[in-house]
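J.: Structure file data_25.pdb (PDB, C-alpha atoms and all ligand atoms) is given on the next line.
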```pdb
ATOM      1  CA  MET A   1      43.950  91.649 -42.761  1.00  0.00           C
ATOM      2  CA  ASN A   2      44.120  88.588 -44.987  1.00  0.00           C
ATOM      3  CA  ARG A   3      45.257  88.603 -48.589  1.00  0.00           C
ATOM      4  CA  GLU A   4      41.843  87.919 -50.165  1.00  0.00           C
ATOM      5  CA  ARG A   5      40.233  90.729 -48.200  1.00  0.00           C
ATOM      6  CA  ARG A   6      42.948  93.134 -49.366  1.00  0.00           C
ATOM      7  CA  PHE A   7      42.629  91.954 -52.966  1.00  0.00           C
ATOM      8  CA  TRP A   8      38.849  92.468 -53.083  1.00  0.00           C
ATOM      9  CA  ASN A   9      39.077  95.794 -51.258  1.00  0.00           C
ATOM     10  CA  ARG A  10      41.396  96.953 -54.056  1.00  0.00           C
ATOM     11  CA  MET A  11      38.986  95.684 -56.736  1.00  0.00           C
ATOM     12  CA  ALA A  12      35.799  97.148 -55.242  1.00  0.00           C
ATOM     13  CA  LYS A  13      35.544 100.420 -57.183  1.00  0.00           C
ATOM     14  CA  ARG A  14      36.382  98.807 -60.512  1.00  0.00           C
ATOM     15  CA  TYR A  15      33.920  95.973 -59.787  1.00  0.00           C
ATOM     16  CA  PHE A  16      31.161  98.447 -58.934  1.00  0.00           C
ATOM     17  CA  ASN A  17      31.724 100.385 -62.168  1.00  0.00           C
ATOM     18  CA  SER A  18      31.973  97.350 -64.465  1.00  0.00           C
ATOM     19  CA  PRO A  19      28.961  96.537 -66.634  1.00  0.00           C
ATOM     20  CA  ILE A  20      27.358  93.080 -66.367  1.00  0.00           C
ATOM     21  CA  GLU A  21      29.033  90.904 -69.003  1.00  0.00           C
ATOM     22  CA  ASP A  22      25.953  89.049 -70.267  1.00  0.00           C
ATOM     23  CA  GLU A  23      22.746  90.867 -69.340  1.00  0.00           C
ATOM     24  CA  ALA A  24      20.445  88.201 -70.787  1.00  0.00           C
ATOM     25  CA  ALA A  25      22.110  85.392 -68.806  1.00  0.00           C
ATOM     26  CA  TYR A  26      22.061  87.528 -65.639  1.00  0.00           C
ATOM     27  CA  GLU A  27      18.334  88.256 -65.986  1.00  0.00           C
ATOM     28  CA  HIS A  28      17.657  84.563 -66.635  1.00  0.00           C
ATOM     29  CA  LYS A  29      19.459  83.622 -63.407  1.00  0.00           C
ATOM     30  CA  LEU A  30      17.562  86.264 -61.418  1.00  0.00           C
ATOM     31  CA  GLU A  31      14.260  85.004 -62.760  1.00  0.00           C
ATOM     32  CA  LYS A  32      15.055  81.324 -62.123  1.00  0.00           C
ATOM     33  CA  THR A  33      16.164  82.123 -58.564  1.00  0.00           C
ATOM     34  CA  ARG A  34      13.064  84.170 -57.856  1.00  0.00           C
ATOM     35  CA  GLN A  35      10.846  81.179 -58.595  1.00  0.00           C
ATOM     36  CA  TYR A  36      11.990  79.842 -55.225  1.00  0.00           C
ATOM     37  CA  PHE A  37      11.255  83.014 -53.247  1.00  0.00           C
ATOM     38  CA  THR A  38       8.113  83.905 -51.331  1.00  0.00           C
ATOM     39  CA  PRO A  39       7.357  87.158 -49.483  1.00  0.00           C
ATOM     40  CA  ASP A  40       8.294  85.254 -46.282  1.00  0.00           C
ATOM     41  CA  SER A  41      11.691  84.042 -47.504  1.00  0.00           C
ATOM     42  CA  GLU A  42      14.794  84.496 -45.385  1.00  0.00           C
ATOM     43  CA  VAL A  43      17.725  84.716 -47.794  1.00  0.00           C
ATOM     44  CA  LEU A  44      21.497  84.654 -47.318  1.00  0.00           C
ATOM     45  CA  GLU A  45      23.933  85.680 -50.031  1.00  0.00           C
ATOM     46  CA  PHE A  46      27.633  85.151 -49.320  1.00  0.00           C
ATOM     47  CA  GLY A  47      30.273  86.901 -51.418  1.00  0.00           C
ATOM     48  CA  CYS A  48      27.615  89.478 -52.342  1.00  0.00           C
ATOM     49  CA  GLY A  49      30.165  91.951 -53.746  1.00  0.00           C
ATOM     50  CA  THR A  50      28.705  95.397 -54.376  1.00  0.00           C
ATOM     51  CA  GLY A  51      25.146  94.244 -53.726  1.00  0.00           C
ATOM     52  CA  GLY A  52      23.758  94.402 -57.278  1.00  0.00           C
ATOM     53  CA  THR A  53      21.943  91.072 -56.987  1.00  0.00           C
ATOM     54  CA  ALA A  54      20.846  91.744 -53.395  1.00  0.00           C
ATOM     55  CA  VAL A  55      19.090  94.938 -54.458  1.00  0.00           C
ATOM     56  CA  ARG A  56      17.292  93.137 -57.310  1.00  0.00           C
ATOM     57  CA  HIS A  57      16.080  90.246 -55.123  1.00  0.00           C
ATOM     58  CA  ALA A  58      15.284  92.073 -51.880  1.00  0.00           C
ATOM     59  CA  PRO A  59      11.817  93.358 -52.923  1.00  0.00           C
ATOM     60  CA  HIS A  60      10.705  89.728 -53.392  1.00  0.00           C
ATOM     61  CA  VAL A  61      11.642  88.392 -49.939  1.00  0.00           C
ATOM     62  CA  LYS A  62      11.199  89.146 -46.257  1.00  0.00           C
ATOM     63  CA  HIS A  63      14.836  89.610 -45.284  1.00  0.00           C
ATOM     64  CA  TYR A  64      18.134  89.421 -47.181  1.00  0.00           C
ATOM     65  CA  LEU A  65      21.448  88.981 -45.386  1.00  0.00           C
ATOM     66  CA  ALA A  66      24.246  90.023 -47.752  1.00  0.00           C
ATOM     67  CA  THR A  67      27.762  89.103 -46.621  1.00  0.00           C
ATOM     68  CA  ASP A  68      31.221  89.592 -48.036  1.00  0.00           C
ATOM     69  CA  ILE A  69      34.820  89.405 -46.898  1.00  0.00           C
ATOM     70  CA  SER A  70      35.520  92.931 -48.216  1.00  0.00           C
ATOM     71  CA  GLU A  71      34.338  96.057 -46.416  1.00  0.00           C
ATOM     72  CA  GLU A  72      34.960  98.122 -49.566  1.00  0.00           C
ATOM     73  CA  MET A  73      32.623  95.922 -51.612  1.00  0.00           C
ATOM     74  CA  LEU A  74      30.011  96.268 -48.866  1.00  0.00           C
ATOM     75  CA  ARG A  75      30.379 100.045 -48.770  1.00  0.00           C
ATOM     76  CA  PHE A  76      29.203 100.178 -52.396  1.00  0.00           C
ATOM     77  CA  GLY A  77      26.453  97.678 -51.566  1.00  0.00           C
ATOM     78  CA  GLU A  78      25.157  99.789 -48.695  1.00  0.00           C
ATOM     79  CA  GLU A  79      25.107 102.892 -50.884  1.00  0.00           C
ATOM     80  CA  ARG A  80      23.280 100.981 -53.638  1.00  0.00           C
ATOM     81  CA  ALA A  81      20.693  99.623 -51.168  1.00  0.00           C
ATOM     82  CA  ARG A  82      20.121 103.096 -49.687  1.00  0.00           C
ATOM     83  CA  GLU A  83      19.562 104.578 -53.143  1.00  0.00           C
ATOM     84  CA  ALA A  84      17.170 101.741 -54.044  1.00  0.00           C
ATOM     85  CA  GLY A  85      15.289 102.088 -50.741  1.00  0.00           C
ATOM     86  CA  ALA A  86      15.922  98.401 -50.014  1.00  0.00           C
ATOM     87  CA  GLY A  87      15.475  98.508 -46.240  1.00  0.00           C
ATOM     88  CA  ASN A  88      15.271  94.729 -45.763  1.00  0.00           C
ATOM     89  CA  ILE A  89      18.926  94.042 -46.643  1.00  0.00           C
ATOM     90  CA  THR A  90      21.444  93.628 -43.823  1.00  0.00           C
ATOM     91  CA  PHE A  91      25.085  93.810 -44.886  1.00  0.00           C
ATOM     92  CA  LYS A  92      27.715  91.998 -42.856  1.00  0.00           C
ATOM     93  CA  ARG A  93      31.457  91.736 -43.339  1.00  0.00           C
ATOM     94  CA  THR A  94      32.706  88.214 -42.781  1.00  0.00           C
ATOM     95  CA  ASP A  95      34.596  85.402 -44.432  1.00  0.00           C
ATOM     96  CA  PHE A  96      31.918  82.836 -45.280  1.00  0.00           C
ATOM     97  CA  ALA A  97      33.842  80.230 -43.286  1.00  0.00           C
ATOM     98  CA  ASP A  98      33.446  82.410 -40.154  1.00  0.00           C
ATOM     99  CA  LEU A  99      29.801  83.413 -40.628  1.00  0.00           C
ATOM    100  CA  GLU A 100      27.820  82.695 -37.486  1.00  0.00           C
ATOM    101  CA  ALA A 101      24.166  81.921 -38.106  1.00  0.00           C
ATOM    102  CA  ASP A 102      21.657  79.438 -36.759  1.00  0.00           C
ATOM    103  CA  PRO A 103      21.498  76.109 -38.580  1.00  0.00           C
ATOM    104  CA  GLU A 104      18.464  75.647 -40.849  1.00  0.00           C
ATOM    105  CA  SER A 105      17.578  79.347 -40.691  1.00  0.00           C
ATOM    106  CA  PHE A 106      17.413  80.272 -44.407  1.00  0.00           C
ATOM    107  CA  ASP A 107      14.992  79.412 -47.201  1.00  0.00           C
ATOM    108  CA  ALA A 108      17.611  80.205 -49.832  1.00  0.00           C
ATOM    109  CA  VAL A 109      21.381  80.613 -49.819  1.00  0.00           C
ATOM    110  CA  LEU A 110      23.064  82.268 -52.805  1.00  0.00           C
ATOM    111  CA  GLY A 111      26.753  81.997 -53.688  1.00  0.00           C
ATOM    112  CA  LEU A 112      27.364  83.731 -57.017  1.00  0.00           C
ATOM    113  CA  SER A 113      30.822  83.811 -58.579  1.00  0.00           C
ATOM    114  CA  ILE A 114      32.345  82.664 -55.322  1.00  0.00           C
ATOM    115  CA  LEU A 115      32.700  78.865 -54.952  1.00  0.00           C
ATOM    116  CA  HIS A 116      35.831  78.888 -57.172  1.00  0.00           C
ATOM    117  CA  LEU A 117      37.317  81.551 -54.852  1.00  0.00           C
ATOM    118  CA  LEU A 118      36.962  79.588 -51.626  1.00  0.00           C
ATOM    119  CA  GLU A 119      39.867  77.784 -50.010  1.00  0.00           C
ATOM    120  CA  ASP A 120      37.703  74.651 -49.763  1.00  0.00           C
ATOM    121  CA  ARG A 121      34.554  74.500 -51.896  1.00  0.00           C
ATOM    122  CA  ASP A 122      33.257  71.356 -50.204  1.00  0.00           C
ATOM    123  CA  GLU A 123      33.399  73.078 -46.823  1.00  0.00           C
ATOM    124  CA  GLY A 124      31.513  76.050 -48.294  1.00  0.00           C
ATOM    125  CA  ILE A 125      28.875  73.807 -49.861  1.00  0.00           C
ATOM    126  CA  ALA A 126      28.434  71.855 -46.601  1.00  0.00           C
ATOM    127  CA  LYS A 127      28.021  75.126 -44.710  1.00  0.00           C
ATOM    128  CA  ALA A 128      25.420  76.392 -47.202  1.00  0.00           C
ATOM    129  CA  CYS A 129      23.565  73.097 -46.747  1.00  0.00           C
ATOM    130  CA  SER A 130      23.641  73.296 -42.942  1.00  0.00           C
ATOM    131  CA  LEU A 131      22.262  76.861 -42.987  1.00  0.00           C
ATOM    132  CA  LEU A 132      19.296  75.907 -45.187  1.00  0.00           C
ATOM    133  CA  LYS A 133      15.936  74.796 -43.902  1.00  0.00           C
ATOM    134  CA  PRO A 134      14.895  71.372 -45.210  1.00  0.00           C
ATOM    135  CA  GLY A 135      13.489  71.969 -48.691  1.00  0.00           C
ATOM    136  CA  GLY A 136      15.513  75.191 -49.078  1.00  0.00           C
ATOM    137  CA  VAL A 137      17.661  75.943 -52.123  1.00  0.00           C
ATOM    138  CA  PHE A 138      21.313  76.729 -52.693  1.00  0.00           C
ATOM    139  CA  VAL A 139      21.777  78.855 -55.823  1.00  0.00           C
ATOM    140  CA  SER A 140      25.298  79.063 -57.216  1.00  0.00           C
ATOM    141  CA  SER A 141      27.030  80.346 -60.310  1.00  0.00           C
ATOM    142  CA  THR A 142      30.604  79.166 -60.605  1.00  0.00           C
ATOM    143  CA  VAL A 143      33.534  79.592 -62.959  1.00  0.00           C
ATOM    144  CA  CYS A 144      34.800  76.103 -63.826  1.00  0.00           C
ATOM    145  CA  VAL A 145      38.330  76.828 -65.018  1.00  0.00           C
ATOM    146  CA  ALA A 146      39.102  73.193 -65.865  1.00  0.00           C
ATOM    147  CA  ASP A 147      36.468  73.135 -68.624  1.00  0.00           C
ATOM    148  CA  GLY A 148      36.741  76.056 -71.034  1.00  0.00           C
ATOM    149  CA  LEU A 149      39.409  78.154 -69.349  1.00  0.00           C
ATOM    150  CA  TRP A 150      42.221  75.593 -69.002  1.00  0.00           C
ATOM    151  CA  PHE A 151      44.638  78.001 -70.766  1.00  0.00           C
ATOM    152  CA  LEU A 152      44.601  80.098 -67.562  1.00  0.00           C
ATOM    153  CA  ILE A 153      45.980  77.244 -65.473  1.00  0.00           C
ATOM    154  CA  PRO A 154      49.722  78.003 -65.974  1.00  0.00           C
ATOM    155  CA  ILE A 155      49.116  81.726 -65.401  1.00  0.00           C
ATOM    156  CA  ILE A 156      47.183  81.430 -62.132  1.00  0.00           C
ATOM    157  CA  PRO A 157      50.092  81.006 -59.642  1.00  0.00           C
ATOM    158  CA  ILE A 158      52.110  83.879 -61.186  1.00  0.00           C
ATOM    159  CA  ALA A 159      49.109  86.214 -61.443  1.00  0.00           C
ATOM    160  CA  ARG A 160      48.256  85.468 -57.828  1.00  0.00           C
ATOM    161  CA  LEU A 161      51.827  86.045 -56.703  1.00  0.00           C
ATOM    162  CA  VAL A 162      51.917  89.529 -58.245  1.00  0.00           C
ATOM    163  CA  GLY A 163      48.423  90.404 -56.962  1.00  0.00           C
ATOM    164  CA  LEU A 164      46.557  90.289 -60.297  1.00  0.00           C
ATOM    165  CA  PHE A 165      44.374  87.287 -59.387  1.00  0.00           C
ATOM    166  CA  PRO A 166      42.672  86.297 -56.171  1.00  0.00           C
ATOM    167  CA  LEU A 167      42.821  82.742 -54.888  1.00  0.00           C
ATOM    168  CA  LEU A 168      41.318  80.776 -57.798  1.00  0.00           C
ATOM    169  CA  ARG A 169      40.558  77.069 -57.571  1.00  0.00           C
ATOM    170  CA  VAL A 170      40.592  74.902 -60.667  1.00  0.00           C
ATOM    171  CA  PHE A 171      37.848  72.301 -61.100  1.00  0.00           C
ATOM    172  CA  SER A 172      35.369  71.121 -63.710  1.00  0.00           C
ATOM    173  CA  ALA A 173      31.600  71.474 -63.868  1.00  0.00           C
ATOM    174  CA  ASN A 174      31.248  67.737 -63.278  1.00  0.00           C
ATOM    175  CA  ALA A 175      33.445  67.918 -60.175  1.00  0.00           C
ATOM    176  CA  LEU A 176      31.202  70.676 -58.824  1.00  0.00           C
ATOM    177  CA  ARG A 177      28.027  68.692 -59.578  1.00  0.00           C
ATOM    178  CA  LYS A 178      29.600  65.751 -57.717  1.00  0.00           C
ATOM    179  CA  SER A 179      30.363  68.006 -54.720  1.00  0.00           C
ATOM    180  CA  MET A 180      26.714  69.087 -54.609  1.00  0.00           C
ATOM    181  CA  HIS A 181      25.486  65.488 -54.644  1.00  0.00           C
ATOM    182  CA  GLU A 182      27.989  64.460 -51.982  1.00  0.00           C
ATOM    183  CA  ALA A 183      26.774  67.288 -49.732  1.00  0.00           C
ATOM    184  CA  GLY A 184      23.273  65.787 -49.974  1.00  0.00           C
ATOM    185  CA  PHE A 185      21.784  68.228 -52.481  1.00  0.00           C
ATOM    186  CA  GLU A 186      19.476  67.372 -55.344  1.00  0.00           C
ATOM    187  CA  ILE A 187      20.263  69.460 -58.441  1.00  0.00           C
ATOM    188  CA  VAL A 188      16.937  70.876 -59.651  1.00  0.00           C
ATOM    189  CA  TYR A 189      18.257  73.277 -62.295  1.00  0.00           C
ATOM    190  CA  ASP A 190      21.525  73.003 -64.192  1.00  0.00           C
ATOM    191  CA  TRP A 191      22.491  75.601 -66.798  1.00  0.00           C
ATOM    192  CA  LYS A 192      25.806  76.132 -68.569  1.00  0.00           C
ATOM    193  CA  PRO A 193      24.981  77.740 -71.902  1.00  0.00           C
ATOM    194  CA  SER A 194      28.524  77.431 -73.314  1.00  0.00           C
ATOM    195  CA  ARG A 195      31.787  75.721 -72.449  1.00  0.00           C
ATOM    196  CA  ARG A 196      33.234  78.910 -70.990  1.00  0.00           C
ATOM    197  CA  SER A 197      30.169  80.137 -69.142  1.00  0.00           C
ATOM    198  CA  ALA A 198      29.745  79.802 -65.430  1.00  0.00           C
ATOM    199  CA  LEU A 199      27.836  76.761 -64.192  1.00  0.00           C
ATOM    200  CA  PHE A 200      24.519  77.915 -62.734  1.00  0.00           C
ATOM    201  CA  LEU A 201      22.993  75.394 -60.342  1.00  0.00           C
ATOM    202  CA  ILE A 202      19.920  75.421 -58.160  1.00  0.00           C
ATOM    203  CA  CYS A 203      20.265  72.674 -55.584  1.00  0.00           C
ATOM    204  CA  ARG A 204      17.566  71.587 -53.172  1.00  0.00           C
ATOM    205  CA  LYS A 205      18.176  70.343 -49.657  1.00  0.00           C
ATOM    206  CA  PRO A 206      15.908  67.336 -49.136  1.00  0.00           C
ATOM    207  CA  GLY A 207      12.820  68.165 -47.055  1.00  0.00           C
TER     208      GLY A 207
HETATM  209  C1  LIG B   1      33.798  87.670 -58.181  1.00  0.00           C
HETATM  210  S1  LIG B   1      33.120  88.602 -56.871  1.00  0.00           S
HETATM  211  C2  LIG B   1      31.399  88.208 -57.011  1.00  0.00           C
HETATM  212  C3  LIG B   1      30.511  89.235 -56.398  1.00  0.00           C
HETATM  213  C4  LIG B   1      29.008  88.993 -56.589  1.00  0.00           C
HETATM  214  N1  LIG B   1      28.586  87.748 -55.986  1.00  0.00           N
HETATM  215  C5  LIG B   1      28.680  88.987 -58.057  1.00  0.00           C
HETATM  216  O1  LIG B   1      28.256  87.954 -58.572  1.00  0.00           O
HETATM  217  O2  LIG B   1      28.854  90.049 -58.683  1.00  0.00           O
HETATM  218  C6  LIG B   1      33.578  87.639 -55.466  1.00  0.00           C
HETATM  219  C7  LIG B   1      33.195  88.269 -54.160  1.00  0.00           C
HETATM  220  O3  LIG B   1      33.409  87.317 -53.128  1.00  0.00           O
HETATM  221  C8  LIG B   1      34.042  87.938 -52.029  1.00  0.00           C
HETATM  222  N2  LIG B   1      34.797  86.889 -51.327  1.00  0.00           N
HETATM  223  C9  LIG B   1      35.943  86.288 -51.697  1.00  0.00           C
HETATM  224  N3  LIG B   1      36.291  85.337 -50.828  1.00  0.00           N
HETATM  225  C10 LIG B   1      35.334  85.339 -49.861  1.00  0.00           C
HETATM  226  C11 LIG B   1      35.130  84.585 -48.684  1.00  0.00           C
HETATM  227  N4  LIG B   1      35.996  83.640 -48.300  1.00  0.00           N
HETATM  228  N5  LIG B   1      34.036  84.841 -47.912  1.00  0.00           N
HETATM  229  C12 LIG B   1      33.157  85.816 -48.279  1.00  0.00           C
HETATM  230  N6  LIG B   1      33.302  86.573 -49.393  1.00  0.00           N
HETATM  231  C13 LIG B   1      34.377  86.336 -50.170  1.00  0.00           C
HETATM  232  C14 LIG B   1      34.875  89.031 -52.639  1.00  0.00           C
HETATM  233  O4  LIG B   1      35.158  90.066 -51.727  1.00  0.00           O
HETATM  234  C15 LIG B   1      34.001  89.492 -53.791  1.00  0.00           C
HETATM  235  O5  LIG B   1      33.140  90.535 -53.407  1.00  0.00           O
END
```
Now that the file is in, can you turn its structure into structure tokens?

T.:
Amino acid sequence: MNRERRFWNRMAKRYFNSPIEDEAAYEHKLEKTRQYFTPDSEVLEFGCGTGGTAVRHAPHVKHYLATDISEEMLRFGEERAREAGAGNITFKRTDFADLEADPESFDAVLGLSILHLLEDRDEGIAKACSLLKPGGVFVSSTVCVADGLWFLIPIIPIARLVGLFPLLRVFSANALRKSMHEAGFEIVYDWKPSRRSALFLICRKPG
């Protein structure tokens, strides 16, 4: 089992029990995302964690594939979906890099609090793009350590070594915007309410 999978398995219970940090921002992101859904939408979320967002979005779409590298995270997600009666969510354990799905098969791909955790964000963004139908949207929310959280930079390697941090990539909001453009996306919504907040982007694959 790889190191990231073990790390997130260990974190799952704590993650499930933690309150959402900024409820207003979270609701705003849900609402903005939902503007791109229809009752026929096929949605993929990678790095879905304990399924909180999946359960909120599922009633608005046809089918929701929620994937994560950690089986413990997914266990909480499955329980949450059962309790919510969200029968149109399929949970699947996989590293996003290994996810097998038909090209151009989703109307929306969501990657929330995950691009900064990937080995190679450009590979992840390119994969999201290839899985989207033309005109589909990639919704991401990403911690950009290089902007407001630069003081973490010296700590990251040590914290990772002792198992306190997962793999955490350092880049700026502008570098991420550039990655989206280079992958062929058009940024249609860009929201970063403060220097330290995550960068929320809705990016459209040209139709
Ligand atoms: C910070 S949590 C975010 C969870 C959820 N998206 C949210 O916003 O609450 C990151 C999640 O990504 C998962 N993850 C980390 N690396 C991954 C990878 N390479 N492929 C798929 N999932 C991954 C972790 O297991 C964890 O559940």

J.: Hey, can you check how far CA of Glu71 (chain A) sits from CA of Phe200 (chain A)?

T.: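 Spanning CA of Glu71 (chain A) to CA of Phe200 (chain A) is a straight-line distance of 26.3 Å.
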
J.: Using 3 Å of padding on each side, determine the axis-aligned box around all atoms of region 102-121 of chain A present in the file and give its centre and edge lengths in Å to one decimal, as AutoDock Vina command-line options.

T.:
```
--center_x 27.4 --center_y 79.2 --center_z -47.7 --size_x 30.9 --size_y 15.3 --size_z 27.8
```

J.: Take CA of Arg80 (chain A) and CA of Gly49 (chain A) and report the distance between them in Å, one decimal.

T.: 11.4 Å

J.: Find the residue from A:Asp22, A:Glu119, A:Glu42, A:Asp102 that sits nearest to ligand LIG 1 (chain B); use only C-alpha atoms and all ligand atoms when measuring.

T.: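 Distance minimum relative to ligand LIG 1 (chain B) lands on A:Glu119.
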
J.: Restricting the calculation to all atoms listed in the file, which member of A:Val43, A:Ala97, A:Ala159, A:Met73 is positioned closest to Arg14 (chain A)?

T.: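 Smallest separation from Arg14 (chain A) among the options: A:Met73.
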
J.: Taking all atoms listed in the file into account, report as a PyMOL selection string which residues have an atom no farther than 9 Å from an atom of ligand LIG 1 (chain B).

T.: chain A and resi 4-9+11-12+15-16+20+45-53+67-74+93-99+110-115+117-119+124+141+166-167

J.: Can you tell me how far CA of Ile89 (chain A) sits from CA of Glu104 (chain A), in Å to one decimal?

T.: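 Computing the Euclidean distance for CA of Ile89 (chain A) and CA of Glu104 (chain A) yields 19.3 Å.
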
J.: Determine the residue set returned by the PyMOL selection byres (((chain A and resi 188-199) around 10) and not hetatm) for the present structure, and present it as number ranges by chain.

T.: A: 22, 25, 29, 32-33, 112-113, 137, 139-150, 172-174, 176-177, 185-187, 200-204

J.: Would you mind listing what lies within 8 Å of Gly207 (chain A) as JSON, numbers by chain, with all atoms listed in the file counted and same-chain residues fewer than 5 positions away left out?

T.: {"A": [133, 134, 135, 136]}

J.: So that I can check the surroundings of Ala183 (chain A), please list as a ChimeraX atom specification every protein, DNA and RNA residue that reaches within 9 Å of it, counting all atoms listed in the file and ignoring chain neighbours fewer than 6 positions away.

T.: /A:122,125-126,129

J.: Can you list, as a PyMOL selection string, every protein, DNA or RNA residue that comes within 9 Å of Asn88 (chain A) when you count all atoms listed in the file, leaving out same-chain residues fewer than 3 positions away?

T.: chain A and resi 58-59+61-65+85

J.: So which one's closest to Lys13 (chain A), A:Lys127, A:His28, A:Arg75, A:His60? Using only C-alpha atoms, please.

T.: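 That would be A:Arg75, the residue with the smallest distance to Lys13 (chain A).
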
J.: Find the residues around Ile156 (chain A) up to 8 Å (all atoms listed in the file counted), leave out those fewer than 3 positions away in its own chain, and share them as a list in words.

T.: Leu152, Ile153, Ala159, Arg160, Phe165 and Leu168 of chain A
